[in-house]
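Scroll down for the structure; my scribbles are underneath it.
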Amino acid sequence: MKARVTVTLKLGVLDPQGKAIEGALKSLGVSDVAGVRQGKVFDIELAGSDRARAESQLKEACEKLLANTVVENYRVELL
Amino acid sequence: MKAAVVLFPGSNREGDAARAIEQATGVKPVIAWHGDHDLPAGTDLVVLPGGFSYGDYLRCGAIAARSKLMDAIRLHAEKGGLVLGICNGFQILVESGLLPGVLMRNADLRFVCRMQHLRVERNDTPFAKAYAKDQVIKVAIAHGEGNYVADAETIARLEGEGRVAFRYCDAEGQLGGAANPNGSINHIAGVYSENFNVLGLMPHPENLIDGLVGGTDGKGMFSSLAAFRRAA
């Protein structure tokens with residue numbers, strides 16, 4: 001089973017990297033960009049085919065390591 | 001004073017930390033491997049040194065914070081044992097939950113490596129007895145992710161409980177402007193745990209212990225630690 005975990009910064013947390021990317025896009029002429037927040041994507045391969053179990057394992061992975069829940073949110077998708 | 005300096009893959013300041021401790025205590029600290037289950041028997045102080053543990057992969061300190069020895073260090077801290085995390089060590093302490101908050105990318109996105117003044121916020125702790133309250137000390141900083149961030153409630157609690165250990169300042173002790181190298185909330189350079197036995201800070205006092213190399217303002221921290229144990 002394949003899954004994708006997306007980790008993003010919580011709203012209100014300053015994202016200087018996103019700001020720098022936003023500035024670079026504007027300087028490249030992509031003028032409609034009004035804001036950029038950057039994050040991380042993890043493509044994860046899981047053994048087994050139990051979807052409920054997979055979801056709970058991925059949640060555990062996020063809580064234990066993949067996201068720092070002080071400043072980050074995560075989203076789990078089974079593909 | 002029995003000290004252990006923890007070595008993670010990618011640590012690079014363990015020698016500096018060990019030298020500062022030996023100079024202050026007369027005893028060479030043990031270098032403890034992160035994969036061990038237990039701290040050396042009778043450890044009083046655990047030091048998490050600076051560096052780039054696990055290449056800063058995922059988030060600075062994130063993977064090191066989940067290593068085996070961290071469980072023993074958590075237990076050591078719960079029992080009142082001293083823990084000092086410097087630079088990457090501070091990042092490991094916040095990732096492990098031993099200290100609140102998080103260290104984000106520097107506000108200007110640049111790695112900053114320079115001398116920096118700090119204001120000592122309190123001197124009634126095992127780490128800072130040798131300093132005066134509000135003393136301005138000059139130490140080195142070298143980090144790309146030192147921007148201390150926590151939610152408003154956590155910051156209010158830290159300030160209310162007097163848990164800010166050091167703040168970035170200028171030579172006169174003034175806060176703000178260019179004296180804040182990374183955008184840290186309230187100019188926070190280091191914080192204590194609830195019981196003041198765990199300290200995490202971004203600056204490197206262990207590099208300022210010898211007049212031949214830049215100054216000796218860092219010595220106070222290690223002499224404080226040495227004296228604390230002797231008095232106990």
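Chain labels follow the order of the structure tokens: the first chain is A, the next B, and so on; residue numbering restarts at 1 in every chain, and ligands are counted from 1 in their shown order.
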
Next on the checklist: Quick check: residues of chain A within 9 Å of chain B, only C-alpha atoms, returned as a ChimeraX atom specification.
Outcome noted: /A:13-17,20,40,64-68,70-71

Item to check | Close residues, Ile141 of chain B itself excluded, 7 Å, only C-alpha atoms, min 2 positions apart in chain, as a list in words | outcome: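 Those residues are Cys113, Arg114, Met115, Gln116, Val139, His143, Met202, Pro203 and His204 of chain B.
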
Convert the current residue selection to file output with C-alpha atoms, as a PDB file, in the first residue's frame.
```
ATOM      1  CA  CYS B 113      28.663  32.642  12.758  1.00  0.00           C
ATOM      2  CA  ARG B 114      29.960  35.467  14.910  1.00  0.00           C
ATOM      3  CA  MET B 115      30.630  36.691  18.424  1.00  0.00           C
ATOM      4  CA  GLN B 116      27.465  37.604  20.300  1.00  0.00           C
ATOM      5  CA  VAL B 139      30.377  34.180  23.438  1.00  0.00           C
ATOM      6  CA  HIS B 143      23.759  28.267  13.686  1.00  0.00           C
ATOM      7  CA  MET B 202      22.103  28.196  21.021  1.00  0.00           C
ATOM      8  CA  PRO B 203      25.402  30.016  21.851  1.00  0.00           C
ATOM      9  CA  HIS B 204      28.650  28.186  22.531  1.00  0.00           C
TER      10      HIS B 204
END
```

Item to check | All residues 9 Å or closer to Val47 of chain B, only C-alpha atoms, same chain fewer than 2 positions away omitted, as a list in words | outcome: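 Within the cut-off, the hits are Ala3, Ala4, Val5, Val6, Glu14, Ala17, Ala18, Leu45, Pro49, Leu82, Val83, Leu84, Gly85, Ile86 and Gly89 of chain B.
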
Checklist entry - Where in segment 2-41 of chain A does DSSP assign strand (DSSP E), given as number ranges by chain? => result A: 2-9, 39-41

Residue selection dump (N, CA and C atoms) as a PDB file, in the first residue's frame:
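Listed below is the output, again_5.pdb:
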```
ATOM      1  N   LYS A   2       0.471   2.218  -0.772  1.00  0.00           N
ATOM      2  CA  LYS A   2       1.241   3.462  -0.833  1.00  0.00           C
ATOM      3  C   LYS A   2       0.483   4.572  -0.094  1.00  0.00           C
ATOM      4  N   ALA A   3       1.265   5.439   0.505  1.00  0.00           N
ATOM      5  CA  ALA A   3       0.638   6.556   1.214  1.00  0.00           C
ATOM      6  C   ALA A   3       1.458   7.809   0.995  1.00  0.00           C
ATOM      7  N   ARG A   4       0.802   8.920   1.154  1.00  0.00           N
ATOM      8  CA  ARG A   4       1.504  10.201   1.084  1.00  0.00           C
ATOM      9  C   ARG A   4       1.177  11.007   2.330  1.00  0.00           C
ATOM     10  N   VAL A   5       2.226  11.456   3.000  1.00  0.00           N
ATOM     11  CA  VAL A   5       2.072  12.298   4.181  1.00  0.00           C
ATOM     12  C   VAL A   5       2.565  13.697   3.828  1.00  0.00           C
ATOM     13  N   THR A   6       1.744  14.679   4.094  1.00  0.00           N
ATOM     14  CA  THR A   6       2.118  16.069   3.825  1.00  0.00           C
ATOM     15  C   THR A   6       2.227  16.814   5.150  1.00  0.00           C
ATOM     16  N   VAL A   7       3.365  17.452   5.368  1.00  0.00           N
ATOM     17  CA  VAL A   7       3.582  18.209   6.600  1.00  0.00           C
ATOM     18  C   VAL A   7       3.717  19.685   6.242  1.00  0.00           C
ATOM     19  N   THR A   8       2.899  20.496   6.871  1.00  0.00           N
ATOM     20  CA  THR A   8       2.919  21.944   6.587  1.00  0.00           C
ATOM     21  C   THR A   8       3.032  22.727   7.881  1.00  0.00           C
ATOM     22  N   LEU A   9       3.499  23.955   7.774  1.00  0.00           N
ATOM     23  CA  LEU A   9       3.579  24.811   8.957  1.00  0.00           C
ATOM     24  C   LEU A   9       2.182  25.266   9.343  1.00  0.00           C
ATOM     25  N   GLY A  39       6.471  23.247   2.665  1.00  0.00           N
ATOM     26  CA  GLY A  39       6.324  22.122   3.585  1.00  0.00           C
ATOM     27  C   GLY A  39       7.061  20.911   3.069  1.00  0.00           C
ATOM     28  N   LYS A  40       6.683  19.729   3.561  1.00  0.00           N
ATOM     29  CA  LYS A  40       7.381  18.501   3.176  1.00  0.00           C
ATOM     30  C   LYS A  40       6.376  17.435   2.758  1.00  0.00           C
ATOM     31  N   VAL A  41       6.807  16.601   1.829  1.00  0.00           N
ATOM     32  CA  VAL A  41       5.987  15.466   1.395  1.00  0.00           C
ATOM     33  C   VAL A  41       6.780  14.176   1.609  1.00  0.00           C
TER      34      VAL A  41
END
```

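The gap separating atom CA of Pro126 of chain B from atom CA of Ser224 of chain B is 6.0 Å, in Å to one decimal.
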
Checklist entry - Could you state the separation of atom CA of Ala171 of chain B and atom CA of Gly218 of chain B in Å, given to one decimal place? => result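 These atoms are spaced 15.5 Å apart.
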
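The closest residue to Leu201 of chain B, picked from B:Ala130, B:Leu118, B:Ile155, B:Cys169 and counting only C-alpha atoms, is B:Leu118.
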